[in-house]
Number of protein chains: 2
Amino acid sequence: MSDSCKIISLGEVCDYLRKHDNYLILTHASPDGDTLGSGFGLMRVLEDLGKKAKVFCPEGIPKKFEYLAKTPKVDFKEKTIVAVDIADPKLLGMACEQYADKVQLCIDHHISNTKYSKSLYLDATSAAACESIYTIAVALGVEINQDIANALYTGIATDTGCFKFSNTTAKTHSITAKLFEAGVDATEINRAMFETISCARLDIERLALDTIDFRFNGKCAVISITADMIEKTKCEKSDLEGITAIARTIEGVVVGITLRENQRGRIKASVRTHDPIDACAICNNLGGGGHPRASGCEVVGDVDHAKQEILKYVGQALENANLI
Amino acid sequence: MSDSCKIISLGEVCDYLRKHDNYLILTHASPDGDTLGSGFGLMRVLEDLGKKAKVFCPEGIPKKFEYLAKTPKVDFKEKTIVAVDIADPKLLGMACEQYADKVQLCIDHHISNTKYSKSLYLDATSAAACESIYTIAVALGVEINQDIANALYTGIATDTGCFKFSNTTAKTHSITAKLFEAGVDATEINRAMFETISCARLDIERLALDTIDFRFNGKCAVISITADMIEKTKCEKSDLEGITAIARTIEGVVVGITLRENQRGRIKASVRTHDPIDACAICNNLGGGGHPRASGCEVVGDVDHAKQEILKYVGQALENANLI
């Protein structure tokens, strides 16, 4: 946390964006729809104000999000560094060292933001950072065109699980109605985000479902995906995404865990909970974090070891909530 | 089609509802969220106007929708018969004979409505009949309370696949924003509708995925669920619901078909398509129908026979669209 992080208002963030130029907009590593939608949405808003802006993705843009970046790249020397949807500079991944202490403005919606930037516009009532970008665009008097609408819809739809998750609010739907009026191509975006699964994804899902391990009288379900399974099905990172949602959806399950051996000997645990279990608190115990209903952490070791470690804290949480 | 079906305006439907009393609201057989949400939503709107109203479900209310019907039943002699979300009196199932020619008012959003009622309020721009009930409630000056919001949200969310399908519009999201302002319990409803799968559903899904048959160079995928599979997994009708969506979601698939042997020797085919293939036209050939992207029909015979029958028309449709 920077001692000098200034929390700024909507008026101040607009003044800031009007005053500066030559923007480099940083998105987080393992980019999702919200960081990319916010990045490209803000870029287009700034261009509408006559500014130069470009988006930097530490790991490149995943294929399914390439439609967000279809304009030709402009070349200029960056002066103003803005981070979007980045709660912690560690999330910059390999760009962390280069940019961690150089972020002038951060626009975010995570209450856990570590206040690493010089200025911070934080709206934790937004389901997605893209909601904040919309609010800023309107406050700046920028007309929402189809490109902006597509970018912002991408973030809102993906961060809310297409309006399914509990972070969805009246504001989420109101803003989305405006994006529809601006001509958002929601059908195509929904199809790409939620309605398209690869054959590799089908294969890994079948293998994953075979591993379901119910614990604590069915209150917890654990799905395990080993490096061998990933190799065998030739599935890519993006093929594994939605699988983390499955365990929690099983009837009676309050804590759904997905363990993924992305690298041999390193397990990424995704924890999804129903009220009242705090997924973030469970993951905090193992050095991770996130949102109350969806968090993650990393455990060194194999899948069985990771399961054992995380189940200790799940058991405590279920006990504290009088669910077991 | 009744010769005397009068298409009425929003003002006229409001006048009608204000003028009459002792309503029996009919919902369709194999009830879904939209017919039940419309039924119970309209019932509460009428109660707010001081009317007596009850909902009739030909086959009873499925367990997952029981929350819609939690008020005590009132007893009175029905005088005014209203059908909601019922495009064709055949959809009344076993109540067809009793009510087919007695429906005074139908409120619907299916362009294929057969105009069997005395009066018809048809808004084919609505993604769900519940959108029309909302519009009517507002026009009647009824305040949307939490119970009405929960009923209408149920229909809107289920008929749009939680805002994923191409029938979703700016109006859909605007109305939903208002339902959130009225205190809709969207988190619980979404959890029950979209985020809860039974163990039997998991089992049948695994078996179903093993049957995927790709045809026409991967443009068509067919999933087959036999009566034996249904028996073996002890799954109920509701466990089978979402499975019809899977085939179309596979990358490259334009026509996704799910064949279900609900009764031995009778196959229910669900056809889901992407633009430009007309699912309704395919099913029309076999005596079925529905929406352009989601239709169904029934074929007598076993799964293999049904597959052969329907694939003839799929092949023609793909050829006509120059996709094969």
# chains A, B, ... in the order shown; residues from 1 in each chain; ligands from 1

$ closest_atom_pairs --of "chain B" --to "chain A" --cutoff "6 Å" --atoms "only C-alpha atoms" --output "JSON lines"
{"residue": "B:Lys164", "atom": "CA", "partner": "A:Asn190", "partner_atom": "CA", "distance": 5.8}
{"residue": "B:Ser166", "atom": "CA", "partner": "A:Thr187", "partner_atom": "CA", "distance": 5.2}
{"residue": "B:Ala170", "atom": "CA", "partner": "A:Ala177", "partner_atom": "CA", "distance": 4.3}
{"residue": "B:His173", "atom": "CA", "partner": "A:Ala177", "partner_atom": "CA", "distance": 5.0}
{"residue": "B:Ser174", "atom": "CA", "partner": "A:Ala177", "partner_atom": "CA", "distance": 5.5}
{"residue": "B:Ala177", "atom": "CA", "partner": "A:Ala170", "partner_atom": "CA", "distance": 4.3}
{"residue": "B:Phe180", "atom": "CA", "partner": "A:Ala170", "partner_atom": "CA", "distance": 5.0}
{"residue": "B:Thr187", "atom": "CA", "partner": "A:Ser166", "partner_atom": "CA", "distance": 5.2}
{"residue": "B:Asn190", "atom": "CA", "partner": "A:Lys164", "partner_atom": "CA", "distance": 5.8}
{"residue": "B:Glu195", "atom": "CA", "partner": "A:Thr249", "partner_atom": "CA", "distance": 4.7}
{"residue": "B:Thr196", "atom": "CA", "partner": "A:Thr249", "partner_atom": "CA", "distance": 4.6}
{"residue": "B:Ile197", "atom": "CA", "partner": "A:Ile250", "partner_atom": "CA", "distance": 4.8}
{"residue": "B:Ser198", "atom": "CA", "partner": "A:Glu251", "partner_atom": "CA", "distance": 5.1}
{"residue": "B:Thr249", "atom": "CA", "partner": "A:Thr196", "partner_atom": "CA", "distance": 4.6}
{"residue": "B:Ile250", "atom": "CA", "partner": "A:Ile197", "partner_atom": "CA", "distance": 4.8}
{"residue": "B:Glu251", "atom": "CA", "partner": "A:Ser198", "partner_atom": "CA", "distance": 5.1}

$ residues_around --residues "A:His291" --least-positions-apart "5" --cutoff "9 Å" --atoms "only C-alpha atoms" --output "PyMOL selection string"
chain A and resi 110-112+278-280+296

$ write_last_selection --atoms "C-alpha atoms" --output "PDB file, in the first residue's frame"
ATOM      1  CA  HIS A 110     -12.420  -4.773  -5.659  1.00  0.00           C
ATOM      2  CA  ILE A 111     -12.835  -3.804  -2.026  1.00  0.00           C
ATOM      3  CA  SER A 112      -9.522  -5.605  -1.448  1.00  0.00           C
ATOM      4  CA  ASP A 278     -16.670 -16.801   3.030  1.00  0.00           C
ATOM      5  CA  ALA A 279     -14.500 -18.167   0.201  1.00  0.00           C
ATOM      6  CA  CYS A 280     -12.038 -15.312   0.630  1.00  0.00           C
ATOM      7  CA  GLY A 296      -8.526 -18.714  -5.127  1.00  0.00           C
TER       8      GLY A 296
END

$ select_by_dssp --residues "stretch 58-301 of chain B" --states "strand (DSSP E or B)" --output "PyMOL selection string"
chain B and resi 80-84+105-108+119-122+197+213-215+220-225+250+255-263+266-273+289-290+294-300

$ atom_distance --atom1 "atom CA of A:Asn145" --atom2 "atom CA of A:Glu78"
25.3 Å

$ residues_around --residues "A:His20" --least-positions-apart "3" --cutoff "7 Å" --atoms "only C-alpha atoms" --output "ChimeraX atom specification"
/A:16-17,80

$ select_by_dssp --residues "stretch 196-313 of chain B" --states "alpha helix (DSSP H)" --output "MDAnalysis selection string"
chainID B and resid 199:209 227:233 237:240 246:249 279:284 303:313

$ closest_residue --among "B:Asp239, B:Glu12, B:Glu261, B:Asp75" --to "B:Pro62" --atoms "only C-alpha atoms"
B:Asp239

$ residues_around --residues "B:Leu140" --least-positions-apart "6" --cutoff "12 Å" --atoms "only C-alpha atoms" --output "PyMOL selection string"
chain B and resi 10-19+42+45-46+48-49+133-134

$ write_last_selection --atoms "all heavy atoms" --output "compact mmCIF listing (two decimals), in the first residue's frame"
# COMPACT_ATOMS: atom_id res chain seq x y z
N LEU B 10 -52.78 -2.54 -25.22
CA LEU B 10 -52.45 -2.48 -23.79
C LEU B 10 -53.59 -1.81 -23.01
O LEU B 10 -53.99 -2.30 -21.94
CB LEU B 10 -51.14 -1.70 -23.61
CG LEU B 10 -50.64 -1.50 -22.19
CD1 LEU B 10 -50.39 -2.83 -21.49
CD2 LEU B 10 -49.36 -0.66 -22.18
N GLY B 11 -54.10 -0.72 -23.54
CA GLY B 11 -55.21 -0.03 -22.87
C GLY B 11 -56.42 -0.95 -22.73
O GLY B 11 -57.06 -1.01 -21.67
N GLU B 12 -56.70 -1.70 -23.79
CA GLU B 12 -57.87 -2.59 -23.76
C GLU B 12 -57.68 -3.75 -22.78
O GLU B 12 -58.64 -4.15 -22.10
CB GLU B 12 -58.15 -3.13 -25.17
CG GLU B 12 -58.77 -2.07 -26.08
CD GLU B 12 -58.83 -2.49 -27.55
OE1 GLU B 12 -57.86 -3.14 -28.03
OE2 GLU B 12 -59.82 -2.18 -28.22
N VAL B 13 -56.47 -4.29 -22.71
CA VAL B 13 -56.26 -5.40 -21.77
C VAL B 13 -56.41 -4.89 -20.33
O VAL B 13 -56.99 -5.57 -19.47
CB VAL B 13 -54.93 -6.15 -22.03
CG1 VAL B 13 -53.72 -5.39 -21.56
CG2 VAL B 13 -54.94 -7.52 -21.37
N CYS B 14 -55.96 -3.67 -20.09
CA CYS B 14 -56.12 -3.09 -18.74
C CYS B 14 -57.61 -2.88 -18.42
O CYS B 14 -58.06 -3.22 -17.32
CB CYS B 14 -55.37 -1.76 -18.63
SG CYS B 14 -53.58 -1.96 -18.67
N ASP B 15 -58.34 -2.33 -19.38
CA ASP B 15 -59.78 -2.14 -19.17
C ASP B 15 -60.46 -3.47 -18.86
O ASP B 15 -61.28 -3.58 -17.96
CB ASP B 15 -60.43 -1.55 -20.44
CG ASP B 15 -60.07 -0.08 -20.62
OD1 ASP B 15 -59.56 0.53 -19.65
OD2 ASP B 15 -60.27 0.44 -21.74
N TYR B 16 -60.09 -4.49 -19.64
CA TYR B 16 -60.67 -5.82 -19.47
C TYR B 16 -60.42 -6.34 -18.06
O TYR B 16 -61.33 -6.82 -17.38
CB TYR B 16 -60.06 -6.79 -20.50
CG TYR B 16 -60.72 -8.14 -20.50
CD1 TYR B 16 -61.72 -8.46 -21.42
CD2 TYR B 16 -60.38 -9.10 -19.55
CE1 TYR B 16 -62.35 -9.69 -21.39
CE2 TYR B 16 -61.00 -10.33 -19.51
CZ TYR B 16 -61.99 -10.62 -20.43
OH TYR B 16 -62.62 -11.83 -20.40
N LEU B 17 -59.16 -6.24 -17.62
CA LEU B 17 -58.80 -6.79 -16.31
C LEU B 17 -59.48 -6.02 -15.18
O LEU B 17 -59.85 -6.60 -14.16
CB LEU B 17 -57.27 -6.79 -16.13
CG LEU B 17 -56.52 -7.73 -17.07
CD1 LEU B 17 -55.00 -7.51 -16.95
CD2 LEU B 17 -56.85 -9.20 -16.78
N ARG B 18 -59.66 -4.71 -15.36
CA ARG B 18 -60.34 -3.90 -14.34
C ARG B 18 -61.82 -4.25 -14.27
O ARG B 18 -62.43 -4.24 -13.21
CB ARG B 18 -60.22 -2.40 -14.69
CG ARG B 18 -58.92 -1.77 -14.20
CD ARG B 18 -59.04 -0.25 -14.16
NE ARG B 18 -57.70 0.35 -14.27
CZ ARG B 18 -57.15 0.73 -15.41
NH1 ARG B 18 -57.81 0.60 -16.56
NH2 ARG B 18 -55.94 1.24 -15.41
N LYS B 19 -62.41 -4.58 -15.44
CA LYS B 19 -63.85 -4.76 -15.53
C LYS B 19 -64.32 -6.12 -14.99
O LYS B 19 -65.41 -6.24 -14.46
CB LYS B 19 -64.26 -4.63 -17.01
CG LYS B 19 -65.73 -4.22 -17.20
CD LYS B 19 -66.12 -4.23 -18.66
CE LYS B 19 -65.44 -3.11 -19.46
NZ LYS B 19 -65.79 -3.17 -20.90
N LEU B 42 -49.49 -12.36 -12.61
CA LEU B 42 -50.79 -11.75 -12.95
C LEU B 42 -51.78 -11.93 -11.79
O LEU B 42 -52.55 -11.01 -11.46
CB LEU B 42 -51.34 -12.39 -14.23
CG LEU B 42 -52.72 -11.87 -14.68
CD1 LEU B 42 -52.68 -10.37 -14.97
CD2 LEU B 42 -53.20 -12.63 -15.93
N VAL B 45 -51.07 -9.30 -9.30
CA VAL B 45 -51.46 -7.99 -9.84
C VAL B 45 -52.98 -7.82 -9.69
O VAL B 45 -53.46 -6.77 -9.24
CB VAL B 45 -51.03 -7.85 -11.32
CG1 VAL B 45 -51.68 -6.64 -11.98
CG2 VAL B 45 -49.51 -7.77 -11.42
N LEU B 46 -53.72 -8.88 -10.04
CA LEU B 46 -55.18 -8.82 -9.94
C LEU B 46 -55.62 -8.68 -8.48
O LEU B 46 -56.54 -7.92 -8.17
CB LEU B 46 -55.80 -10.07 -10.58
CG LEU B 46 -55.68 -10.11 -12.12
CD1 LEU B 46 -56.05 -11.50 -12.65
CD2 LEU B 46 -56.55 -9.04 -12.77
N ASP B 48 -53.99 -7.25 -6.19
CA ASP B 48 -53.72 -5.86 -5.82
C ASP B 48 -54.84 -4.93 -6.27
O ASP B 48 -55.10 -3.90 -5.66
CB ASP B 48 -52.39 -5.43 -6.46
CG ASP B 48 -51.81 -4.21 -5.80
OD1 ASP B 48 -51.13 -4.38 -4.77
OD2 ASP B 48 -52.06 -3.08 -6.29
N LEU B 49 -55.54 -5.31 -7.34
CA LEU B 49 -56.69 -4.53 -7.83
C LEU B 49 -57.96 -4.90 -7.07
O LEU B 49 -59.05 -4.43 -7.41
CB LEU B 49 -56.91 -4.79 -9.32
CG LEU B 49 -55.87 -4.30 -10.32
CD1 LEU B 49 -56.25 -4.74 -11.73
CD2 LEU B 49 -55.70 -2.79 -10.27
N ILE B 133 -46.62 -8.99 -18.73
CA ILE B 133 -47.33 -8.85 -17.45
C ILE B 133 -46.79 -7.61 -16.71
O ILE B 133 -47.56 -6.84 -16.12
CB ILE B 133 -47.19 -10.11 -16.56
CG1 ILE B 133 -47.67 -11.37 -17.31
CG2 ILE B 133 -47.93 -9.94 -15.24
CD1 ILE B 133 -49.15 -11.44 -17.60
N TYR B 134 -45.47 -7.41 -16.75
CA TYR B 134 -44.89 -6.22 -16.12
C TYR B 134 -45.49 -4.95 -16.74
O TYR B 134 -45.92 -4.04 -16.04
CB TYR B 134 -43.37 -6.21 -16.28
CG TYR B 134 -42.74 -4.94 -15.75
CD1 TYR B 134 -42.39 -4.82 -14.40
CD2 TYR B 134 -42.53 -3.83 -16.58
CE1 TYR B 134 -41.86 -3.65 -13.90
CE2 TYR B 134 -42.00 -2.65 -16.08
CZ TYR B 134 -41.66 -2.57 -14.74
OH TYR B 134 -41.14 -1.39 -14.25

$ atom_distance --atom1 "atom CA of A:Val314" --atom2 "atom CA of A:Gly290"
15.8 Å
